[in-house]
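Student: Got a structure for you, input-v9.pdb, holding PDB, C-alpha atoms and all ligand atoms.
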```pdb
ATOM      1  CA  MET A 289      56.696  16.128  -9.736
ATOM      2  CA  LYS A 290      59.454  17.201  -7.341
ATOM      3  CA  GLU A 291      62.425  18.595  -9.254
ATOM      4  CA  ARG A 292      65.619  20.500  -8.579
ATOM      5  CA  THR A 293      66.973  23.440 -10.536
ATOM      6  CA  LEU A 294      69.998  25.730 -10.399
ATOM      7  CA  LEU A 295      69.841  29.465  -9.754
ATOM      8  CA  LEU A 296      72.794  31.838  -9.974
ATOM      9  CA  LEU A 297      72.244  35.145  -8.210
ATOM     10  CA  LYS A 298      74.408  37.335 -10.397
ATOM     11  CA  ALA A 299      76.849  40.062  -9.345
ATOM     12  CA  ASP A 300      74.338  42.872  -9.968
ATOM     13  CA  ALA A 301      71.882  41.289  -7.505
ATOM     14  CA  LEU A 302      74.610  40.957  -4.887
ATOM     15  CA  GLN A 303      75.955  44.497  -5.424
ATOM     16  CA  ARG A 304      72.453  45.996  -5.286
ATOM     17  CA  GLY A 305      71.431  44.111  -2.133
ATOM     18  CA  LEU A 306      68.645  42.125  -3.783
ATOM     19  CA  ILE A 307      69.538  38.606  -2.602
ATOM     20  CA  GLY A 308      67.015  38.397   0.232
ATOM     21  CA  ARG A 309      64.180  39.708  -1.888
ATOM     22  CA  ILE A 310      64.998  37.385  -4.792
ATOM     23  CA  LEU A 311      65.245  34.290  -2.600
ATOM     24  CA  SER A 312      61.991  35.244  -0.834
ATOM     25  CA  ARG A 313      60.105  34.842  -4.074
ATOM     26  CA  PHE A 314      61.118  31.184  -4.332
ATOM     27  CA  GLU A 315      60.472  30.530  -0.641
ATOM     28  CA  ASP A 316      57.072  32.218  -0.928
ATOM     29  CA  LYS A 317      56.179  29.938  -3.842
ATOM     30  CA  GLY A 318      56.939  26.885  -1.681
ATOM     31  CA  PHE A 319      60.371  25.874  -2.967
ATOM     32  CA  ALA A 320      63.005  24.567  -0.581
ATOM     33  CA  ILE A 321      66.615  25.734  -0.723
ATOM     34  CA  VAL A 322      68.671  22.518  -0.748
ATOM     35  CA  ALA A 323      72.130  23.989  -1.518
ATOM     36  CA  MET A 324      73.736  27.424  -1.507
ATOM     37  CA  LYS A 325      77.247  28.909  -1.809
ATOM     38  CA  MET A 326      79.055  32.125  -2.696
ATOM     39  CA  LEU A 327      81.778  31.746  -5.286
ATOM     40  CA  ARG A 328      83.664  33.446  -8.061
ATOM     41  CA  MET A 329      83.314  31.725 -11.419
ATOM     42  CA  SER A 330      86.546  31.013 -13.270
ATOM     43  CA  LYS A 331      86.767  31.927 -16.955
ATOM     44  CA  ASP A 332      86.763  28.210 -17.809
ATOM     45  CA  LEU A 333      83.596  27.659 -15.782
ATOM     46  CA  ALA A 334      81.947  30.657 -17.510
ATOM     47  CA  LYS A 335      82.858  29.259 -20.938
ATOM     48  CA  GLU A 336      81.356  25.889 -19.975
ATOM     49  CA  HIS A 337      78.225  27.397 -18.446
ATOM     50  CA  TYR A 338      77.634  29.770 -21.370
ATOM     51  CA  ALA A 339      78.901  27.405 -24.111
ATOM     52  CA  HIS A 340      75.854  28.327 -26.235
ATOM     53  CA  LEU A 341      76.959  31.987 -26.235
ATOM     54  CA  VAL A 342      80.779  31.948 -26.554
ATOM     55  CA  THR A 343      80.664  32.999 -30.218
ATOM     56  CA  LYS A 344      78.324  35.953 -29.604
ATOM     57  CA  PRO A 345      79.758  39.473 -29.813
ATOM     58  CA  PHE A 346      78.607  40.213 -26.248
ATOM     59  CA  TYR A 347      80.352  37.126 -24.800
ATOM     60  CA  PRO A 348      83.521  38.949 -23.582
ATOM     61  CA  ASP A 349      81.359  41.389 -21.583
ATOM     62  CA  LEU A 350      79.247  38.516 -20.242
ATOM     63  CA  GLU A 351      82.351  36.597 -19.158
ATOM     64  CA  LYS A 352      83.774  39.677 -17.431
ATOM     65  CA  PHE A 353      80.465  40.349 -15.655
ATOM     66  CA  MET A 354      80.142  36.736 -14.503
ATOM     67  CA  THR A 355      83.754  36.243 -13.368
ATOM     68  CA  GLU A 356      84.880  39.583 -11.963
ATOM     69  CA  TYR A 357      82.717  39.565  -8.819
ATOM     70  CA  PRO A 358      81.281  36.894  -6.529
ATOM     71  CA  ILE A 359      77.925  35.312  -7.257
ATOM     72  CA  ILE A 360      75.658  33.023  -5.220
ATOM     73  CA  ALA A 361      74.737  29.582  -6.539
ATOM     74  CA  VAL A 362      71.539  28.047  -5.183
ATOM     75  CA  VAL A 363      69.692  24.794  -5.774
ATOM     76  CA  ILE A 364      65.981  24.844  -5.082
ATOM     77  CA  GLU A 365      63.610  21.897  -4.970
ATOM     78  CA  GLY A 366      59.881  21.619  -5.453
ATOM     79  CA  LYS A 367      57.010  20.871  -7.807
ATOM     80  CA  GLU A 368      57.944  21.500 -11.458
ATOM     81  CA  ALA A 369      60.892  23.587 -10.253
ATOM     82  CA  VAL A 370      62.469  24.092 -13.686
ATOM     83  CA  GLU A 371      59.406  25.427 -15.492
ATOM     84  CA  VAL A 372      57.951  27.385 -12.578
ATOM     85  CA  THR A 373      61.315  28.987 -11.840
ATOM     86  CA  ARG A 374      61.693  30.215 -15.424
ATOM     87  CA  LEU A 375      58.253  31.845 -15.097
ATOM     88  CA  ILE A 376      59.199  33.505 -11.800
ATOM     89  CA  VAL A 377      62.498  34.723 -13.344
ATOM     90  CA  GLY A 378      60.996  36.017 -16.604
ATOM     91  CA  PRO A 379      62.509  36.441 -20.072
ATOM     92  CA  THR A 380      66.179  37.387 -20.603
ATOM     93  CA  ASN A 381      65.724  41.083 -21.330
ATOM     94  CA  GLY A 382      64.644  42.808 -18.133
ATOM     95  CA  SER A 383      63.333  45.754 -20.157
ATOM     96  CA  LYS A 384      60.774  43.515 -21.849
ATOM     97  CA  ALA A 385      60.122  41.078 -19.003
ATOM     98  CA  PRO A 386      56.612  41.296 -17.541
ATOM     99  CA  GLY A 387      55.966  42.976 -14.214
ATOM    100  CA  GLY A 388      55.658  40.407 -11.457
ATOM    101  CA  SER A 389      58.672  38.454 -12.727
ATOM    102  CA  ILE A 390      62.052  38.976 -11.025
ATOM    103  CA  ARG A 391      63.678  40.402 -14.152
ATOM    104  CA  GLY A 392      60.583  42.470 -14.997
ATOM    105  CA  ASP A 393      60.515  44.014 -11.537
ATOM    106  CA  LEU A 394      64.241  44.353 -10.808
ATOM    107  CA  SER A 395      66.152  44.739 -14.103
ATOM    108  CA  ASN A 396      66.056  47.055 -17.108
ATOM    109  CA  SER A 397      68.923  45.306 -18.895
ATOM    110  CA  THR A 398      69.603  42.298 -21.170
ATOM    111  CA  SER A 399      72.926  41.466 -19.549
ATOM    112  CA  ARG A 400      72.557  42.595 -15.923
ATOM    113  CA  ASN A 401      69.355  40.694 -15.315
ATOM    114  CA  THR A 402      70.010  39.620 -11.680
ATOM    115  CA  ILE A 403      69.552  35.859 -11.959
ATOM    116  CA  HIS A 404      70.200  32.708 -13.981
ATOM    117  CA  ALA A 405      67.849  29.725 -13.942
ATOM    118  CA  SER A 406      68.310  26.388 -15.747
ATOM    119  CA  ASP A 407      66.241  26.190 -18.914
ATOM    120  CA  SER A 408      65.300  22.458 -18.969
ATOM    121  CA  LYS A 409      65.366  19.386 -16.736
ATOM    122  CA  GLU A 410      68.428  18.064 -18.591
ATOM    123  CA  THR A 411      70.262  21.384 -18.255
ATOM    124  CA  ALA A 412      69.319  21.595 -14.569
ATOM    125  CA  GLU A 413      70.901  18.203 -13.850
ATOM    126  CA  LYS A 414      74.125  19.176 -15.623
ATOM    127  CA  GLU A 415      74.237  22.662 -14.076
ATOM    128  CA  ILE A 416      73.647  21.433 -10.518
ATOM    129  CA  LYS A 417      76.613  19.030 -10.929
ATOM    130  CA  ARG A 418      78.674  21.879 -12.397
ATOM    131  CA  PHE A 419      78.348  23.948  -9.209
ATOM    132  CA  PHE A 420      77.763  21.439  -6.388
ATOM    133  CA  LYS A 421      79.282  18.201  -5.204
ATOM    134  CA  HIS A 422      76.888  15.453  -4.190
ATOM    135  CA  ASP A 423      77.495  16.039  -0.458
ATOM    136  CA  GLU A 424      76.747  19.775  -0.789
ATOM    137  CA  LEU A 425      73.114  19.020  -1.632
ATOM    138  CA  PHE A 426      70.889  18.498   1.379
ATOM    139  CA  GLU A 427      67.793  16.456   2.055
ATOM    140  CA  TYR A 428      65.956  17.790   5.056
ATOM    141  CA  LYS A 429      62.526  17.302   6.441
ATOM    142  CA  MET A 430      60.086  20.048   5.558
ATOM    143  CA  HIS A 431      56.921  20.715   7.562
ATOM    144  CA  ASN A 432      58.681  19.854  10.785
ATOM    145  CA  GLU A 433      56.515  21.616  13.371
ATOM    146  CA  HIS A 434      59.470  22.431  15.603
ATOM    147  CA  PHE A 435      61.040  24.644  12.906
ATOM    148  CA  LEU A 436      57.828  26.106  11.555
ATOM    149  CA  LYS A 437      57.044  27.860  14.839
ATOM    150  CA  ALA A 438      58.626  31.311  15.190
ATOM    151  CA  SER A 439      58.149  31.261  18.947
ATOM    152  CA  ASP A 440      59.056  28.824  21.748
ATOM    153  CA  GLU A 441      55.518  29.021  23.143
TER     154      GLU A 441
HETATM  155  P1  LIG B   1      68.647  33.266 -20.030
HETATM  156  O1  LIG B   1      69.553  33.771 -18.918
HETATM  157  O2  LIG B   1      67.322  33.968 -20.022
HETATM  158  O3  LIG B   1      68.509  31.763 -20.054
HETATM  159  P2  LIG B   1      70.499  33.055 -22.299
HETATM  160  O4  LIG B   1      70.135  33.285 -23.727
HETATM  161  O5  LIG B   1      70.815  31.678 -21.865
HETATM  162  O6  LIG B   1      69.305  33.709 -21.422
HETATM  163  O7  LIG B   1      71.718  34.028 -21.983
HETATM  164  C1  LIG B   1      72.476  33.867 -20.818
HETATM  165  C2  LIG B   1      72.843  35.239 -20.271
HETATM  166  O8  LIG B   1      73.671  35.919 -21.221
HETATM  167  C3  LIG B   1      71.668  36.195 -20.071
HETATM  168  O9  LIG B   1      70.966  35.967 -18.853
HETATM  169  C4  LIG B   1      72.344  37.534 -20.100
HETATM  170  O10 LIG B   1      73.026  37.820 -18.884
HETATM  171  C5  LIG B   1      73.376  37.322 -21.209
HETATM  172  N1  LIG B   1      72.840  37.700 -22.522
HETATM  173  C6  LIG B   1      72.001  36.990 -23.321
HETATM  174  N2  LIG B   1      71.701  37.647 -24.456
HETATM  175  C7  LIG B   1      72.370  38.828 -24.385
HETATM  176  C8  LIG B   1      72.473  39.978 -25.277
HETATM  177  O11 LIG B   1      71.885  40.034 -26.356
HETATM  178  N3  LIG B   1      73.260  41.003 -24.845
HETATM  179  C9  LIG B   1      73.924  40.984 -23.657
HETATM  180  N4  LIG B   1      73.866  39.929 -22.804
HETATM  181  C10 LIG B   1      73.098  38.862 -23.157
HETATM  182 MG    MG B   2      69.969  30.348 -20.453
END
```
So, in terms of C-alpha cells, how does the structure I just supplied come out?
Ligand code: IDP
Ligand code: MG
Tutor:
Amino acid sequence: MKERTLLLLKADALQRGLIGRILSRFEDKGFAIVAMKMLRMSKDLAKEHYAHLVTKPFYPDLEKFMTEYPIIAVVIEGKEAVEVTRLIVGPTNGSKAPGGSIRGDLSNSTSRNTIHASDSKETAEKEIKRFFKHDELFEYKMHNEHFLKASDE
C-alpha cells in the first residue's frame, strides 16, 4: 500500500550536518521524496503541530528548539510509509532508541532527536497539509531508465 508521510529534519540535524545521511536512509529503503522545503516554524505552527504536548513542562523548550532555527520538511512516499518510517526513526528518546534506527544511531537526547515522523495515517494526512500546499507535492515517474543511469554511456 503506497502511502505518504511527513518528516521534519529538526534544527539539531541541520546544525550537525546530518541531513544527507538521514535522507539516505529513506532513499536506501526505497522511498521517494515527493516534497521538500526549508522553513522556520512560527510559534503558532509549533503549537498546532505539538498540540498534544502544549501542557507539558518541557513544551516551552520544545517550542524554542523548533522555532528558533530553520528545519527541513519532507514528504516521502512508498509502501507502508507511516509505519516503516517510524521504525527507521526509532523511539522518542535517542538514549534508549535501538542501534540501527536514526535516533538510536544519531541522538542521545529526548528533545534533540534529529527528526519528526507522523505517527499514524490520519496524522500524516493532516501534517502533510500543514506544511505543504497541494501543488508543492510532486508525482514523478520512478524507474525511468534515463535517470537511473549515472553515466551517459
Ligand atoms: P515522537 O517525536 O517520537 O513522535 P512525541 O511524544 O510526539 O514523540 O513528542 C514530540 C517531540 O517532543 C519529541 O520528538 C521530542 O523532540 C519532544 N519531547 C517529547 N517528550 C519529551 C520529553 O520528555 N522531554 C523533552 N522533549 C520531549
Ligand atoms: Mg509524535
Student: I need the output of the PyMOL selection byres (((chain A and resi 296-298) around 10) and not hetatm) for this file as a PDB file with C-alpha atoms, in the frame of the given file; which residues are they?
Tutor:
```pdb
ATOM      1  CA  LEU A 294      69.998  25.730 -10.399  1.00  0.00           C
ATOM      2  CA  LEU A 295      69.841  29.465  -9.754  1.00  0.00           C
ATOM      3  CA  ALA A 299      76.849  40.062  -9.345  1.00  0.00           C
ATOM      4  CA  ASP A 300      74.338  42.872  -9.968  1.00  0.00           C
ATOM      5  CA  ALA A 301      71.882  41.289  -7.505  1.00  0.00           C
ATOM      6  CA  LEU A 302      74.610  40.957  -4.887  1.00  0.00           C
ATOM      7  CA  GLN A 303      75.955  44.497  -5.424  1.00  0.00           C
ATOM      8  CA  LEU A 306      68.645  42.125  -3.783  1.00  0.00           C
ATOM      9  CA  ILE A 307      69.538  38.606  -2.602  1.00  0.00           C
ATOM     10  CA  ILE A 310      64.998  37.385  -4.792  1.00  0.00           C
ATOM     11  CA  LEU A 311      65.245  34.290  -2.600  1.00  0.00           C
ATOM     12  CA  MET A 324      73.736  27.424  -1.507  1.00  0.00           C
ATOM     13  CA  LYS A 325      77.247  28.909  -1.809  1.00  0.00           C
ATOM     14  CA  MET A 326      79.055  32.125  -2.696  1.00  0.00           C
ATOM     15  CA  PHE A 353      80.465  40.349 -15.655  1.00  0.00           C
ATOM     16  CA  MET A 354      80.142  36.736 -14.503  1.00  0.00           C
ATOM     17  CA  THR A 355      83.754  36.243 -13.368  1.00  0.00           C
ATOM     18  CA  TYR A 357      82.717  39.565  -8.819  1.00  0.00           C
ATOM     19  CA  PRO A 358      81.281  36.894  -6.529  1.00  0.00           C
ATOM     20  CA  ILE A 359      77.925  35.312  -7.257  1.00  0.00           C
ATOM     21  CA  ILE A 360      75.658  33.023  -5.220  1.00  0.00           C
ATOM     22  CA  ALA A 361      74.737  29.582  -6.539  1.00  0.00           C
ATOM     23  CA  VAL A 362      71.539  28.047  -5.183  1.00  0.00           C
ATOM     24  CA  VAL A 363      69.692  24.794  -5.774  1.00  0.00           C
ATOM     25  CA  ARG A 400      72.557  42.595 -15.923  1.00  0.00           C
ATOM     26  CA  ASN A 401      69.355  40.694 -15.315  1.00  0.00           C
ATOM     27  CA  THR A 402      70.010  39.620 -11.680  1.00  0.00           C
ATOM     28  CA  ILE A 403      69.552  35.859 -11.959  1.00  0.00           C
ATOM     29  CA  HIS A 404      70.200  32.708 -13.981  1.00  0.00           C
ATOM     30  CA  ALA A 405      67.849  29.725 -13.942  1.00  0.00           C
ATOM     31  CA  SER A 406      68.310  26.388 -15.747  1.00  0.00           C
ATOM     32  CA  PHE A 419      78.348  23.948  -9.209  1.00  0.00           C
TER      33      PHE A 419
END
```
Student: Determine, for each residue of chain A having at least one atom at most 10 Å from an atom of ligand LIG 1 (chain B), the closest pair of atoms and their separation in Å to one decimal, counting all atoms listed in the file; order by chain and ascending number, as a Markdown table.
Tutor:
```
| residue | atom | partner | partner_atom | distance |
| --- | --- | --- | --- | --- |
| A:Leu296 | CA | B:LIG1 | O1 | 9.7 |
| A:Lys298 | CA | B:LIG1 | O10 | 8.6 |
| A:His337 | CA | B:LIG1 | C1 | 9.0 |
| A:Tyr338 | CA | B:LIG1 | C1 | 6.6 |
| A:Ala339 | CA | B:LIG1 | O5 | 9.4 |
| A:His340 | CA | B:LIG1 | O5 | 7.5 |
| A:Leu341 | CA | B:LIG1 | O7 | 7.1 |
| A:Val342 | CA | B:LIG1 | O8 | 9.7 |
| A:Lys344 | CA | B:LIG1 | O11 | 8.3 |
| A:Pro345 | CA | B:LIG1 | N3 | 8.3 |
| A:Phe346 | CA | B:LIG1 | C9 | 5.4 |
| A:Tyr347 | CA | B:LIG1 | N4 | 7.3 |
| A:Pro348 | CA | B:LIG1 | N4 | 9.7 |
| A:Asp349 | CA | B:LIG1 | C9 | 7.7 |
| A:Leu350 | CA | B:LIG1 | C5 | 6.1 |
| A:Glu351 | CA | B:LIG1 | O8 | 8.9 |
| A:Phe353 | CA | B:LIG1 | O10 | 8.5 |
| A:Met354 | CA | B:LIG1 | O10 | 8.4 |
| A:Arg374 | CA | B:LIG1 | O2 | 8.2 |
| A:Val377 | CA | B:LIG1 | O2 | 8.3 |
| A:Gly378 | CA | B:LIG1 | O2 | 7.5 |
| A:Pro379 | CA | B:LIG1 | O2 | 5.4 |
| A:Thr380 | CA | B:LIG1 | O2 | 3.7 |
| A:Asn381 | CA | B:LIG1 | O2 | 7.4 |
| A:Gly382 | CA | B:LIG1 | O9 | 9.3 |
| A:Arg391 | CA | B:LIG1 | O2 | 9.4 |
| A:Ser397 | CA | B:LIG1 | C9 | 8.1 |
| A:Thr398 | CA | B:LIG1 | N4 | 5.1 |
| A:Ser399 | CA | B:LIG1 | O10 | 3.7 |
| A:Arg400 | CA | B:LIG1 | O10 | 5.6 |
| A:Asn401 | CA | B:LIG1 | O10 | 5.9 |
| A:Thr402 | CA | B:LIG1 | O10 | 8.0 |
| A:Ile403 | CA | B:LIG1 | O9 | 7.0 |
| A:His404 | CA | B:LIG1 | O1 | 5.1 |
| A:Ala405 | CA | B:LIG1 | O3 | 6.5 |
| A:Ser406 | CA | B:LIG1 | O3 | 6.9 |
| A:Asp407 | CA | B:LIG1 | O3 | 6.1 |
| A:Ser408 | CA | B:LIG1 | O3 | 9.9 |
```
Student: List as an MDAnalysis selection string the protein and nucleic acid residues near Lys290 of chain A, meaning an atom at most 7 Å away when only C-alpha atoms are counted, but skip any in the same chain fewer than 3 places from it.
Tutor: chainID A and resid 365:368
Student: Now that the selection is made, can you save its residues with C-alpha atoms as a short mmCIF file (atom, residue, chain, number, x, y, z; two decimals), in the coordinates of the input?
Tutor:
```
data_model
loop_
_atom_site.label_atom_id
_atom_site.label_comp_id
_atom_site.auth_asym_id
_atom_site.auth_seq_id
_atom_site.Cartn_x
_atom_site.Cartn_y
_atom_site.Cartn_z
CA GLU A 365 63.61 21.90 -4.97
CA GLY A 366 59.88 21.62 -5.45
CA LYS A 367 57.01 20.87 -7.81
CA GLU A 368 57.94 21.50 -11.46
#
```
Student: Using the chain letters and numbering of this document, enumerate as a PyMOL selection string the residues selected by the PyMOL selection byres (((chain A and resi 313) around 12) and not hetatm).
Tutor: chain A and resi 306-312+314-321+364+372-373+375-377+388-390+393
Student: Given the choices A:Gly392, A:Thr411, A:Glu336, A:Lys331, which gets closest to ligand MG 2 (chain B) if the distance is worked out from all atoms listed in the file?
Tutor: A:Thr411
Student: A:Glu415, A:Val322, A:Glu291, A:Ala369: which is nearest ligand MG 2 (chain B), counting all atoms listed in the file?
Tutor: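 Closest to ligand MG 2 (chain B) of all the choices is A:Glu415.
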Student: Here is a test: counting all atoms listed in the file, which residue of A:Glu433, A:Asn396, A:Pro386, A:Val370 is nearest to Thr293 of chain A?
Tutor: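 Among the listed residues, A:Val370 lies closest to Thr293 of chain A.
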Student: Of the candidates A:Ala438, A:Ala323, A:Leu425, A:Ala412, which shows the shortest atom-to-atom distance to ligand MG 2 (chain B), using only C-alpha atoms and all ligand atoms?
Tutor: A:Ala412
Student: What gap, in Å, lies between atom CA of Gly305 of chain A and atom MG of ligand MG 2 (chain B)?
Tutor: 23.0 Å
Student: Mind pulling up the distance from atom CA of Asp423 of chain A to atom CA of Met329 of chain A?
Tutor: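 One can read the atom CA of Met329 of chain A to atom CA of Asp423 of chain A distance as 20.0 Å.
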